[in-house]
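Data file: query-v5.txt. Format and content: compact mmCIF, C-alpha atoms.
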# COMPACT_ATOMS: atom_id res chain seq x y z
CA MET Q 1 116.61 -26.09 -111.61
CA LEU Q 2 115.89 -26.50 -115.31
CA ASN Q 3 118.39 -26.05 -118.10
CA LYS Q 4 117.63 -23.58 -120.88
CA GLU Q 5 116.22 -26.22 -123.21
CA GLU Q 6 113.86 -27.57 -120.55
CA ASN Q 7 112.75 -24.06 -119.69
CA GLU Q 8 111.93 -23.39 -123.34
CA ARG Q 9 110.03 -26.67 -123.54
CA LEU Q 10 107.73 -25.55 -120.71
CA THR Q 11 107.27 -21.91 -121.74
CA GLN Q 12 107.06 -21.83 -125.54
CA VAL Q 13 103.37 -22.10 -126.43
CA GLY Q 14 103.04 -21.30 -130.13
CA PRO Q 15 101.72 -23.76 -132.74
CA GLY Q 16 103.94 -26.82 -133.07
CA THR Q 17 105.76 -26.37 -129.75
CA PRO Q 18 105.47 -29.17 -127.16
CA MET Q 19 103.76 -27.03 -124.51
CA GLY Q 20 101.67 -25.25 -127.12
CA GLU Q 21 100.32 -28.56 -128.36
CA LEU Q 22 99.65 -29.78 -124.82
CA MET Q 23 97.76 -26.59 -123.95
CA ARG Q 24 95.70 -26.90 -127.13
CA ARG Q 25 94.18 -30.11 -125.76
CA TYR Q 26 92.34 -28.13 -123.07
CA TRP Q 27 89.53 -25.57 -122.94
CA HIS Q 28 90.69 -22.11 -121.83
CA PRO Q 29 88.78 -18.92 -120.93
CA ILE Q 30 89.64 -16.16 -123.38
CA CYS Q 31 87.20 -13.37 -122.48
CA ALA Q 32 84.47 -12.48 -120.00
CA VAL Q 33 80.98 -12.61 -121.51
CA ASP Q 34 80.11 -9.09 -120.41
CA GLU Q 35 83.36 -7.68 -121.80
CA LEU Q 36 82.39 -8.92 -125.25
CA ASP Q 37 78.73 -7.99 -124.94
CA ARG Q 38 79.51 -4.44 -123.82
CA THR Q 39 81.61 -3.64 -126.89
CA ALA Q 40 79.98 -1.53 -129.59
CA PHE Q 41 81.50 -3.63 -132.39
CA ARG Q 42 80.44 -7.00 -130.87
CA THR Q 43 84.04 -8.14 -131.39
CA LYS Q 44 87.09 -8.65 -129.19
CA GLU Q 45 90.71 -9.06 -130.29
CA VAL Q 46 92.38 -11.88 -128.37
CA LYS Q 47 95.79 -13.52 -128.56
CA VAL Q 48 95.85 -17.09 -127.30
CA LEU Q 49 98.73 -19.57 -127.50
CA GLY Q 50 100.54 -17.24 -129.87
CA GLU Q 51 97.63 -16.94 -132.33
CA GLU Q 52 95.99 -13.60 -133.14
CA LEU Q 53 92.23 -14.15 -133.18
CA VAL Q 54 88.95 -12.27 -133.11
CA LEU Q 55 86.00 -13.27 -130.97
CA TYR Q 56 82.53 -12.11 -131.99
CA ARG Q 57 78.86 -12.68 -131.29
CA ASP Q 58 76.59 -12.36 -134.30
CA ARG Q 59 73.13 -10.89 -134.07
CA SER Q 60 71.52 -14.30 -133.74
CA GLY Q 61 73.59 -14.82 -130.57
CA THR Q 62 76.09 -17.27 -132.03
CA LEU Q 63 79.69 -16.95 -130.88
CA GLY Q 64 82.60 -17.31 -133.25
CA LEU Q 65 86.39 -17.35 -132.84
CA LEU Q 66 88.32 -16.81 -136.05
CA ASP Q 67 91.77 -15.92 -137.29
CA ARG Q 68 91.94 -12.16 -136.84
CA TYR Q 69 92.89 -11.51 -140.48
CA CYS Q 70 90.57 -11.94 -143.45
CA THR Q 71 91.83 -14.53 -145.92
CA HIS Q 72 91.37 -12.06 -148.80
CA ARG Q 73 93.63 -9.05 -148.14
CA ARG Q 74 94.39 -9.60 -144.44
CA ALA Q 75 92.31 -6.77 -143.00
CA SER Q 76 91.50 -7.21 -139.30
CA LEU Q 77 88.08 -8.70 -138.66
CA ALA Q 78 88.03 -6.93 -135.29
CA TYR Q 79 86.36 -4.12 -137.26
CA GLY Q 80 84.17 -6.44 -139.29
CA ILE Q 81 80.44 -5.99 -139.76
CA VAL Q 82 78.66 -8.39 -137.42
CA GLU Q 83 75.43 -9.47 -139.12
CA ALA Q 84 72.54 -11.75 -138.26
CA GLN Q 85 74.66 -14.71 -139.26
CA GLY Q 86 78.43 -14.42 -139.20
CA ILE Q 87 80.88 -11.57 -139.66
CA ARG Q 88 81.63 -9.67 -142.87
CA CYS Q 89 85.01 -8.14 -143.62
CA GLN Q 90 84.65 -4.38 -143.79
CA TYR Q 91 87.24 -4.13 -146.60
CA HIS Q 92 85.73 -6.11 -149.50
CA GLY Q 93 82.68 -7.77 -148.00
CA TRP Q 94 83.81 -11.37 -147.62
CA LYS Q 95 81.58 -13.00 -145.03
CA PHE Q 96 82.43 -15.89 -142.70
CA ASP Q 97 80.45 -18.02 -140.24
CA GLU Q 98 81.57 -19.45 -136.92
CA THR Q 99 82.97 -22.59 -138.57
CA GLY Q 100 85.28 -20.53 -140.80
CA ARG Q 101 83.24 -21.19 -143.92
CA VAL Q 102 82.98 -18.37 -146.47
CA LEU Q 103 79.32 -17.47 -146.93
CA GLU Q 104 79.70 -14.66 -149.45
CA GLN Q 105 82.31 -13.06 -151.74
CA PRO Q 106 80.24 -10.30 -153.36
CA PHE Q 107 82.33 -9.41 -156.42
CA GLU Q 108 83.56 -12.91 -157.13
CA ASP Q 109 80.05 -14.33 -156.67
CA ARG Q 110 78.62 -11.85 -159.19
CA LEU Q 111 81.23 -12.43 -161.88
CA HIS Q 112 81.98 -16.13 -161.56
CA PRO Q 113 79.36 -17.86 -159.43
CA GLU Q 114 80.24 -21.17 -161.02
CA ALA Q 115 83.90 -21.06 -159.92
CA LYS Q 116 83.17 -21.91 -156.28
CA PHE Q 117 86.18 -19.81 -155.31
CA ARG Q 118 84.78 -19.41 -151.78
CA ASP Q 119 85.38 -23.10 -151.10
CA LYS Q 120 89.12 -22.41 -151.23
CA CYS Q 121 89.08 -19.38 -148.96
CA GLY Q 122 87.91 -20.55 -145.54
CA ILE Q 123 89.40 -19.06 -142.39
CA ARG Q 124 90.80 -20.76 -139.30
CA ALA Q 125 88.06 -21.16 -136.66
CA TYR Q 126 87.90 -22.61 -133.15
CA LYS Q 127 85.15 -23.94 -130.90
CA VAL Q 128 83.81 -21.68 -128.14
CA GLN Q 129 81.40 -22.12 -125.22
CA GLU Q 130 79.98 -19.89 -122.49
CA LYS Q 131 80.00 -20.92 -118.86
CA ALA Q 132 79.84 -19.01 -115.55
CA GLY Q 133 80.27 -15.63 -117.24
CA LEU Q 134 83.35 -16.70 -119.20
CA ILE Q 135 83.87 -17.63 -122.85
CA PHE Q 136 86.04 -20.71 -123.29
CA ALA Q 137 87.90 -21.77 -126.42
CA TYR Q 138 89.26 -25.10 -127.60
CA MET Q 139 92.09 -24.87 -130.14
CA GLY Q 140 93.16 -28.49 -130.48
CA PRO Q 141 92.36 -31.42 -132.76
CA SER Q 142 88.88 -32.88 -133.12
CA PRO Q 143 86.99 -34.29 -131.44
CA ALA Q 144 87.12 -31.73 -128.64
CA PRO Q 145 86.90 -33.03 -125.07
CA LEU Q 146 84.13 -31.84 -122.80
CA LEU Q 147 84.51 -28.51 -121.07
CA PRO Q 148 85.07 -29.63 -117.44
CA ASN Q 149 82.24 -28.87 -115.04
CA TRP Q 150 84.42 -27.71 -112.16
CA GLY Q 151 82.23 -26.73 -109.21
CA PRO Q 152 82.69 -22.93 -109.47
CA LEU Q 153 81.59 -23.11 -113.12
CA VAL Q 154 78.30 -24.86 -112.45
CA TRP Q 155 77.21 -23.93 -108.93
CA GLU Q 156 73.70 -22.51 -108.79
CA ASN Q 157 72.21 -20.10 -106.26
CA CYS Q 158 75.32 -17.94 -105.98
CA VAL Q 159 76.77 -14.58 -106.99
CA ARG Q 160 79.81 -14.45 -109.25
CA ASP Q 161 82.36 -11.80 -110.13
CA ILE Q 162 85.28 -11.82 -112.58
CA ALA Q 163 88.59 -9.95 -112.60
CA THR Q 164 90.90 -10.12 -115.62
CA THR Q 165 94.33 -8.81 -116.47
CA VAL Q 166 97.15 -9.36 -118.94
CA LEU Q 167 100.39 -10.26 -117.21
CA PRO Q 168 103.67 -9.35 -118.96
CA CYS Q 169 105.22 -12.75 -118.26
CA SER Q 170 104.99 -16.45 -119.03
CA TRP Q 171 102.01 -18.45 -117.79
CA LEU Q 172 104.36 -20.77 -115.91
CA GLN Q 173 105.44 -18.08 -113.46
CA ALA Q 174 101.81 -17.60 -112.47
CA GLN Q 175 101.03 -21.29 -112.12
CA GLU Q 176 104.21 -22.17 -110.23
CA ASN Q 177 103.22 -19.61 -107.61
CA SER Q 178 100.32 -21.86 -106.65
CA LEU Q 179 102.79 -24.63 -105.74
CA ASP Q 180 104.84 -22.24 -103.61
CA SER Q 181 103.22 -22.41 -100.18
CA ILE Q 182 105.94 -20.52 -98.31
CA HIS Q 183 105.52 -17.30 -100.27
CA SER Q 184 102.31 -16.47 -98.38
CA GLU Q 185 104.26 -16.08 -95.14
CA HIS Q 186 106.65 -13.57 -96.65
CA LEU Q 187 104.84 -11.87 -99.54
CA HIS Q 188 101.26 -11.72 -98.30
CA GLU Q 189 101.87 -11.43 -94.56
CA TYR Q 190 105.22 -9.75 -93.92
CA ALA Q 191 105.60 -7.74 -97.15
CA GLY Q 192 101.83 -7.32 -97.46
CA ARG Q 193 101.68 -5.67 -94.05
CA TYR Q 194 104.70 -3.54 -94.97
CA PHE Q 195 103.04 -2.40 -98.22
CA ARG Q 196 99.78 -1.53 -96.48
CA GLN Q 197 101.55 0.51 -93.82
CA ILE Q 198 103.81 2.54 -96.09
CA LEU Q 199 101.02 3.16 -98.61
CA SER Q 200 98.85 4.57 -95.82
CA GLY Q 201 101.66 6.79 -94.60
CA GLU Q 202 102.49 4.73 -91.50
CA GLU Q 203 105.93 3.78 -90.25
CA PRO Q 204 106.27 0.00 -90.82
CA ASP Q 205 106.43 -2.16 -87.69
CA PHE Q 206 108.16 -5.10 -89.44
CA LYS Q 207 105.88 -7.66 -87.83
CA GLN Q 208 106.60 -11.13 -89.14
CA GLY Q 209 103.94 -13.42 -90.60
CA ARG Q 210 103.00 -16.90 -89.42
CA ALA Q 211 106.04 -19.14 -89.76
CA HIS Q 212 105.50 -22.36 -91.68
CA THR Q 213 106.43 -25.60 -89.96
CA GLN Q 214 105.49 -28.15 -92.63
CA ILE Q 215 104.43 -28.32 -96.27
CA GLY Q 216 103.07 -31.26 -98.22
CA PHE Q 217 102.04 -32.04 -101.79
CA ASP Q 218 99.95 -34.98 -103.02
CA VAL Q 219 99.36 -35.86 -106.66
CA TYR Q 220 95.74 -36.79 -107.22
CA LYS Q 221 93.35 -37.39 -110.09
CA TYR Q 222 92.93 -33.75 -111.12
CA GLY Q 223 96.28 -32.21 -110.20
CA ILE Q 224 98.10 -31.60 -106.93
CA ILE Q 225 96.76 -31.02 -103.41
CA LYS Q 226 98.94 -28.73 -101.34
CA ARG Q 227 98.99 -28.69 -97.56
CA ARG Q 228 100.73 -26.59 -94.91
CA THR Q 229 101.01 -26.07 -91.20
CA THR Q 230 102.19 -22.98 -89.35
CA VAL Q 231 103.22 -22.28 -85.78
CA ASP Q 232 99.58 -21.67 -84.83
CA ARG Q 233 97.86 -24.16 -87.16
CA GLY Q 234 98.58 -27.85 -86.86
CA GLU Q 235 97.64 -30.90 -88.88
CA ASP Q 236 94.07 -30.72 -87.60
CA HIS Q 237 93.54 -27.42 -89.44
CA ALA Q 238 91.89 -27.47 -92.86
CA ARG Q 239 94.98 -26.16 -94.58
CA TRP Q 240 96.65 -29.49 -93.82
CA ALA Q 241 93.77 -31.89 -93.17
CA ILE Q 242 91.91 -30.92 -96.36
CA GLY Q 243 94.31 -28.76 -98.33
CA HIS Q 244 93.45 -27.10 -101.60
CA SER Q 245 94.08 -27.90 -105.19
CA ILE Q 246 95.81 -26.86 -108.34
CA LEU Q 247 94.01 -28.25 -111.36
CA PHE Q 248 96.21 -29.39 -114.23
CA PRO Q 249 97.49 -27.72 -116.30
CA ASN Q 250 96.96 -24.04 -115.41
CA MET Q 251 94.30 -23.50 -112.73
CA LEU Q 252 94.11 -22.83 -109.01
CA TRP Q 253 90.98 -23.73 -107.05
CA HIS Q 254 91.09 -22.31 -103.57
CA ASN Q 255 88.02 -22.03 -101.41
CA ALA Q 256 85.34 -20.20 -103.44
CA PHE Q 257 87.43 -18.87 -106.31
CA ILE Q 258 89.18 -20.36 -109.28
CA GLN Q 259 91.95 -18.76 -111.32
CA PHE Q 260 92.98 -19.53 -114.90
CA ARG Q 261 96.47 -18.71 -116.24
CA VAL Q 262 96.02 -18.80 -120.03
CA PRO Q 263 99.12 -18.36 -122.20
CA SER Q 264 98.61 -15.45 -124.59
CA ASP Q 265 102.07 -16.01 -126.04
CA ASP Q 266 105.47 -16.98 -124.64
CA THR Q 267 105.77 -13.76 -122.62
CA HIS Q 268 102.17 -12.76 -121.78
CA THR Q 269 99.38 -14.40 -119.79
CA LEU Q 270 95.62 -13.85 -119.81
CA HIS Q 271 94.69 -14.12 -116.14
CA PHE Q 272 91.10 -14.74 -115.05
CA SER Q 273 89.88 -14.77 -111.44
CA LEU Q 274 86.35 -16.13 -110.97
CA TYR Q 275 84.92 -15.39 -107.51
CA ILE Q 276 81.83 -17.04 -106.06
CA TRP Q 277 79.67 -16.19 -103.04
CA LYS Q 278 77.10 -18.75 -101.88
CA PRO Q 279 74.27 -17.84 -99.50
CA ALA Q 280 73.61 -19.57 -96.19
CA PRO Q 281 71.50 -22.75 -96.37
CA GLY Q 282 67.83 -21.99 -96.83
CA THR Q 283 68.42 -18.57 -98.41
CA GLU Q 284 68.52 -17.37 -101.98
CA ALA Q 285 71.23 -15.35 -103.68
CA PRO Q 286 70.21 -12.25 -105.65
CA LYS Q 287 69.80 -12.91 -109.36
CA GLN Q 288 72.44 -11.69 -111.79
CA ASP Q 289 71.46 -10.83 -115.34
CA MET Q 290 75.15 -10.85 -116.25
CA VAL Q 291 78.29 -11.81 -114.35
CA PRO Q 292 80.23 -8.53 -114.08
CA SER Q 293 83.89 -8.35 -115.03
CA ARG Q 294 86.58 -5.75 -114.60
CA VAL Q 295 90.13 -5.28 -115.89
CA VAL Q 296 92.74 -5.05 -113.14
CA GLN Q 297 95.34 -2.35 -113.76
CA LEU Q 298 98.83 -3.47 -112.82
CA ARG Q 299 100.81 -0.21 -112.86
CA ASN Q 300 100.24 3.39 -111.81
CA GLU Q 301 101.06 6.53 -113.82
CA GLN Q 302 104.69 6.34 -112.70
CA GLY Q 303 105.01 2.83 -114.12
CA GLN Q 304 105.26 1.17 -110.71
CA TYR Q 305 103.24 -1.89 -109.77
CA SER Q 306 100.25 -0.59 -107.86
CA ASP Q 307 97.63 -1.68 -105.32
CA LEU Q 308 100.25 -3.67 -103.44
CA ASN Q 309 98.02 -3.54 -100.38
CA LEU Q 310 95.88 -6.16 -102.21
CA LEU Q 311 96.80 -9.83 -102.13
CA PHE Q 312 96.68 -10.76 -105.81
CA ASN Q 313 98.34 -7.54 -106.96
CA GLN Q 314 101.24 -8.61 -104.76
CA ASP Q 315 101.36 -11.91 -106.66
CA TYR Q 316 101.13 -10.23 -110.05
CA MET Q 317 104.05 -7.96 -109.19
CA CYS Q 318 106.27 -10.87 -108.16
CA TRP Q 319 105.42 -12.99 -111.18
CA ALA Q 320 106.03 -10.18 -113.65
CA THR Q 321 109.24 -8.90 -112.05
CA GLN Q 322 110.89 -12.29 -112.56
CA GLY Q 323 111.12 -11.18 -116.20
CA GLU Q 324 109.13 -12.11 -119.28
CA ILE Q 325 110.39 -15.69 -118.94
CA ALA Q 326 112.09 -16.54 -115.65
CA HIS Q 327 115.67 -17.76 -115.98
CA ARG Q 328 115.10 -21.11 -114.33
CA ASP Q 329 118.62 -22.20 -115.23
CA LEU Q 330 119.87 -19.63 -112.68
CA GLU Q 331 117.59 -20.70 -109.80
CA LYS Q 332 118.73 -22.08 -106.47
CA LEU Q 333 115.84 -24.28 -105.38
CA GLY Q 334 115.48 -25.42 -101.77
CA GLU Q 335 113.22 -27.47 -99.52
CA SER Q 336 110.40 -24.94 -99.86
CA ASP Q 337 110.29 -25.56 -103.63
CA ARG Q 338 109.23 -29.22 -103.55
CA GLY Q 339 105.81 -28.41 -104.98
CA ILE Q 340 107.30 -26.51 -107.91
CA ILE Q 341 109.65 -29.40 -108.70
CA LEU Q 342 106.74 -31.85 -108.53
CA PHE Q 343 104.62 -29.73 -110.87
CA ARG Q 344 107.43 -29.38 -113.43
CA ARG Q 345 107.86 -33.15 -113.37
CA MET Q 346 104.12 -33.56 -113.97
CA LEU Q 347 104.29 -31.23 -116.97
CA MET Q 348 107.28 -33.09 -118.40
CA GLU Q 349 105.50 -36.44 -118.01
CA GLN Q 350 102.48 -35.20 -119.95
CA LEU Q 351 104.71 -33.70 -122.65
CA ASP Q 352 106.44 -37.07 -123.01
CA ILE Q 353 103.05 -38.76 -123.47
CA MET Q 354 102.23 -36.26 -126.22
CA LYS Q 355 105.63 -36.82 -127.85
CA GLU Q 356 104.82 -40.52 -128.17
CA GLY Q 357 101.53 -39.71 -129.88
CA GLY Q 358 99.28 -40.10 -126.86
CA GLU Q 359 96.65 -37.87 -125.29
CA PRO Q 360 97.17 -36.12 -121.93
CA THR Q 361 95.98 -38.32 -119.07
CA ILE Q 362 94.90 -35.55 -116.66
CA ASN Q 363 91.61 -33.62 -116.91
CA ILE Q 364 90.61 -34.71 -120.41
CA PHE Q 365 86.93 -35.57 -120.08
CA ARG Q 366 85.11 -37.36 -122.89
CA ASP Q 367 82.51 -39.39 -121.02
CA PRO Q 368 79.68 -37.14 -119.73
CA MET Q 369 79.39 -39.40 -116.68
CA GLU Q 370 82.93 -38.46 -115.68
CA ASN Q 371 82.19 -34.76 -116.11
CA VAL Q 372 79.90 -34.54 -113.09
CA GLY Q 373 80.67 -34.30 -109.41
CA LEU Q 374 83.89 -32.34 -109.95
CA GLU Q 375 83.23 -31.08 -106.50
CA TYR Q 376 84.17 -31.50 -102.88
CA PRO Q 377 85.45 -33.97 -101.71
CA ALA Q 378 86.92 -34.76 -105.14
CA ILE Q 379 88.24 -31.20 -105.22
CA PRO Q 380 89.23 -30.18 -101.67
CA HIS Q 381 88.77 -26.67 -100.44
CA GLU Q 382 89.25 -25.00 -97.15
CA GLU Q 383 85.67 -24.50 -96.07
CA GLY Q 384 84.34 -28.01 -96.54
CA GLU Q 385 80.64 -28.12 -97.36
CA TRP Q 386 80.30 -24.46 -96.39
CA VAL Q 387 82.39 -23.26 -99.30
CA GLY Q 388 81.73 -19.63 -99.98
CA ALA Q 389 80.57 -18.93 -96.44
CA THR Q 390 81.41 -15.64 -94.76
CA PHE Q 391 81.10 -15.70 -91.00
CA GLY Q 392 81.64 -12.05 -90.19
CA GLU Q 393 85.37 -11.72 -89.65
CA ARG Q 394 85.36 -8.99 -92.27
CA GLY Q 395 82.16 -7.40 -91.07
CA PHE Q 396 80.15 -8.82 -94.00
CA LYS Q 397 81.76 -6.15 -96.16
CA TYR Q 398 82.92 -6.84 -99.71
CA ARG Q 399 86.64 -6.18 -99.94
CA PRO Q 400 88.22 -7.14 -103.27
CA THR Q 401 91.53 -9.00 -103.15
CA GLU Q 402 92.78 -7.41 -106.38
CA GLY Q 403 92.41 -4.03 -108.06
CA GLY Q 404 89.04 -2.58 -109.00
CA TYR Q 405 85.58 -3.09 -107.55
CA SER Q 406 82.68 -5.32 -108.53
CA ARG Q 407 79.63 -3.71 -110.11
CA ASP Q 408 77.59 -6.24 -108.11
CA ALA Q 409 79.06 -5.36 -104.71
CA ASP Q 410 75.54 -4.89 -103.31
CA LYS Q 411 74.58 -8.42 -104.34
CA ILE Q 412 77.80 -9.82 -102.90
CA GLU Q 413 77.17 -8.14 -99.57
CA ALA Q 414 73.58 -9.39 -99.55
CA VAL Q 415 74.90 -12.94 -99.83
CA MET Q 416 77.50 -12.31 -97.14
CA ALA Q 417 74.82 -10.96 -94.80
CA SER Q 418 72.84 -14.21 -95.12
CA TRP Q 419 75.47 -15.88 -92.92
CA LYS Q 420 75.09 -13.50 -89.98
CA ASP Q 421 73.07 -15.93 -87.89
CA PHE Q 422 74.61 -19.13 -89.24
CA ARG Q 423 77.87 -20.51 -87.95
CA PRO Q 424 77.99 -24.27 -87.44
CA ALA Q 425 80.47 -25.70 -84.97
CA GLY Q 426 83.79 -26.92 -86.28
CA VAL Q 427 83.94 -24.80 -89.41
CA TRP Q 428 87.15 -22.98 -90.20
CA ALA Q 429 86.31 -19.42 -91.07
CA GLN Q 430 87.96 -17.37 -93.77
CA GLY Q 431 89.59 -15.08 -91.24
CA ASP Q 432 91.10 -17.91 -89.14
Please express the file's structure as structure tokens.
Amino acid sequence: MLNKEENERLTQVGPGTPMGELMRRYWHPICAVDELDRTAFRTKEVKVLGEELVLYRDRSGTLGLLDRYCTHRRASLAYGIVEAQGIRCQYHGWKFDETGRVLEQPFEDRLHPEAKFRDKCGIRAYKVQEKAGLIFAYMGPSPAPLLPNWGPLVWENCVRDIATTVLPCSWLQAQENSLDSIHSEHLHEYAGRYFRQILSGEEPDFKQGRAHTQIGFDVYKYGIIKRRTTVDRGEDHARWAIGHSILFPNMLWHNAFIQFRVPSDDTHTLHFSLYIWKPAPGTEAPKQDMVPSRVVQLRNEQGQYSDLNLLFNQDYMCWATQGEIAHRDLEKLGESDRGIILFRRMLMEQLDIMKEGGEPTINIFRDPMENVGLEYPAIPHEEGEWVGATFGERGFKYRPTEGGYSRDADKIEAVMASWKDFRPAGVWAQGD
């Protein structure tokens, strides 16, 4: 277990905190592209690493991420006037560009153009990039590292879908879950079956899930590979032989989806699930003009966690009900928690490097030659070269694993159908 001070060191993410400064050395998704582009105001309020910001796209197409509050009288720029270049405060007309530079101060410019007052009134601004239907931000010191080209972000000929939600808990609870292999046996199989039965009005049969017989964790270049065997799946199964990966510091890459757990503040997390469907070899995926996104609702009208028949809603419920920040000083960790202990040690090691004035040594890419091939086998996943394949166990029917439904369900099912006549020998299917 951690003591209170160690727990604070890993969960406090505001400016000047150890974990906050570590997280600021990485690119993080902060919004889906279509969520921003569908807003009438062309702006989106976001809170990232304890900072209140506004994201906007001006009418020339340029993205900007600024302090939410105008440097003049602190009005929110979420209601600013988005012009051809930059955003203008609706209160007194001060105008800023994406670098934070003041372009205009109408009254001051008319009365004292020689004073150059605007040079003293810039606003905090951060770098942003679009990739795979997400908008990423970098909030650390210059020069910024490269935005990593993880496979799901750069794959072509595929269909993507995005689900987002705001979790009322620390980012660490979400990420530690990905190092907790045993929970799938109990939460997703035993409790998951129980939830599905009682929510459909059935009497639960209390059927147990697959019992785990072995778990393993290997540190590698990009994070940790986790492996497991169960009573019906030995070391020759992909879940042990290949495993799947957590990417340092706050990502899970499993099969054909990647999840990002972005600290909003100490007690809230912006959670992004990016799903990918690839067509069978020799076929083409339908074109997407925009990657659709949806917001996953966590609670029903009675305030209870809802959609517990769905896998990731089960996770969200367990992470959030540990409390805003889990009391790790009260834990009783056992053999099943080896992955969590390993991950905490990895975080502490990187924080110590930062404390000594160094740069994190994991997943900081500055050489473009290193930012290619972030792909299998460098990043293991369960399906091998057939990542994203669907071989019919689910009837080639799109079934979301968290609340809501994709607007591109027809395109997803078209990709799934391309695999109907294609099943190479020796491939582990999603339903196995």
Compute the distance from (105.2, -34.7, -126.7) to each atom, counting all atoms listed in the file, keep the residues with any atom at most 12 Å away, and return them as a PDB file with C-alpha atoms, in the frame of the given file; use the coordinates of the file.
ATOM      1  CA  ARG Q   9     110.030 -26.670-123.540  1.00  0.00           C
ATOM      2  CA  LEU Q  10     107.730 -25.550-120.710  1.00  0.00           C
ATOM      3  CA  GLY Q  16     103.940 -26.820-133.070  1.00  0.00           C
ATOM      4  CA  THR Q  17     105.760 -26.370-129.750  1.00  0.00           C
ATOM      5  CA  PRO Q  18     105.470 -29.170-127.160  1.00  0.00           C
ATOM      6  CA  MET Q  19     103.760 -27.030-124.510  1.00  0.00           C
ATOM      7  CA  GLY Q  20     101.670 -25.250-127.120  1.00  0.00           C
ATOM      8  CA  GLU Q  21     100.320 -28.560-128.360  1.00  0.00           C
ATOM      9  CA  LEU Q  22      99.650 -29.780-124.820  1.00  0.00           C
ATOM     10  CA  MET Q  23      97.760 -26.590-123.950  1.00  0.00           C
ATOM     11  CA  ARG Q  25      94.180 -30.110-125.760  1.00  0.00           C
ATOM     12  CA  LEU Q 347     104.290 -31.230-116.970  1.00  0.00           C
ATOM     13  CA  MET Q 348     107.280 -33.090-118.400  1.00  0.00           C
ATOM     14  CA  GLU Q 349     105.500 -36.440-118.010  1.00  0.00           C
ATOM     15  CA  GLN Q 350     102.480 -35.200-119.950  1.00  0.00           C
ATOM     16  CA  LEU Q 351     104.710 -33.700-122.650  1.00  0.00           C
ATOM     17  CA  ASP Q 352     106.440 -37.070-123.010  1.00  0.00           C
ATOM     18  CA  ILE Q 353     103.050 -38.760-123.470  1.00  0.00           C
ATOM     19  CA  MET Q 354     102.230 -36.260-126.220  1.00  0.00           C
ATOM     20  CA  LYS Q 355     105.630 -36.820-127.850  1.00  0.00           C
ATOM     21  CA  GLU Q 356     104.820 -40.520-128.170  1.00  0.00           C
ATOM     22  CA  GLY Q 357     101.530 -39.710-129.880  1.00  0.00           C
ATOM     23  CA  GLY Q 358      99.280 -40.100-126.860  1.00  0.00           C
ATOM     24  CA  GLU Q 359      96.650 -37.870-125.290  1.00  0.00           C
ATOM     25  CA  PRO Q 360      97.170 -36.120-121.930  1.00  0.00           C
TER      26      PRO Q 360
END
List the spatial neighbours of Q:Val154 as a PyMOL selection string - criterion: any atom at most 12 Å away, all atoms listed in the file, same-chain residues fewer than 4 positions off excluded. chain Q and resi 130-134+147-150+158-160+274+276+371-375
State, in Å with one decimal place, the distance from atom CA of Q:Leu270 to atom CA of Q:Ile412.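 It comes out at 24.9 Å.
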For Q:Lys420, which residue out of Q:Leu187, Q:Ile364, Q:Ala280, Q:Ala326 is the nearest one, using only C-alpha atoms?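 Among Q:Leu187, Q:Ile364, Q:Ala280, Q:Ala326, it is Q:Ala280 that comes nearest to Q:Lys420.
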Please determine, counting all atoms listed in the file, which residue among Q:Leu310, Q:Val48, Q:Met139, Q:Ile242 has the shortest atom-to-atom distance to Q:Arg24.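 Checking each candidate against Q:Arg24, we get Q:Met139 as the closest.
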Taking only C-alpha atoms into account, which of Q:Ala285, Q:Val166, Q:Ile225, Q:Cys89 comes nearest Q:Gly339? Q:Ile225
From Q:Thr361, Q:Asn7, Q:Ser181, Q:Thr62, residue lying nearest Q:His244 [all atoms listed in the file]: Q:Ser181
Surrounding residues of Q:Cys70 excluding itself and chain neighbours under 4 positions, 12 Å, all atoms listed in the file, as a ChimeraX atom specification: /Q:52-54,66,74-80,87-96,100-102,105,121-125
Coordinates-based distance that separates atom CA of Q:Pro368 from atom CA of Q:Gly151 (Å, one decimal):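 Those two atoms sit 15.0 Å apart.
You will find atom CA of Q:Ala241 at 27.1 Å from atom CA of Q:Gln314.
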For Q:Leu330, list every protein, DNA or RNA residue within 9 Å, evaluated using all atoms listed in the file, and leave out those in the same chain fewer than 2 positions away; present the list as a list in words.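 Using all atoms listed in the file, the neighbours found are Met1, Leu2, Asn3, Ala326, His327, Arg328 and Lys332 of chain Q.
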Taking all atoms listed in the file into account, name the residue in Q:Gln85, Q:Ser142, Q:Pro279, Q:Pro29 that is nearest to Q:Ile258.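 Nearest to Q:Ile258: Q:Pro29.
Closest approach to Q:Ala174 among Q:His271, Q:Lys207, Q:Arg57, Q:Arg294: Q:His271, based on all atoms listed in the file.
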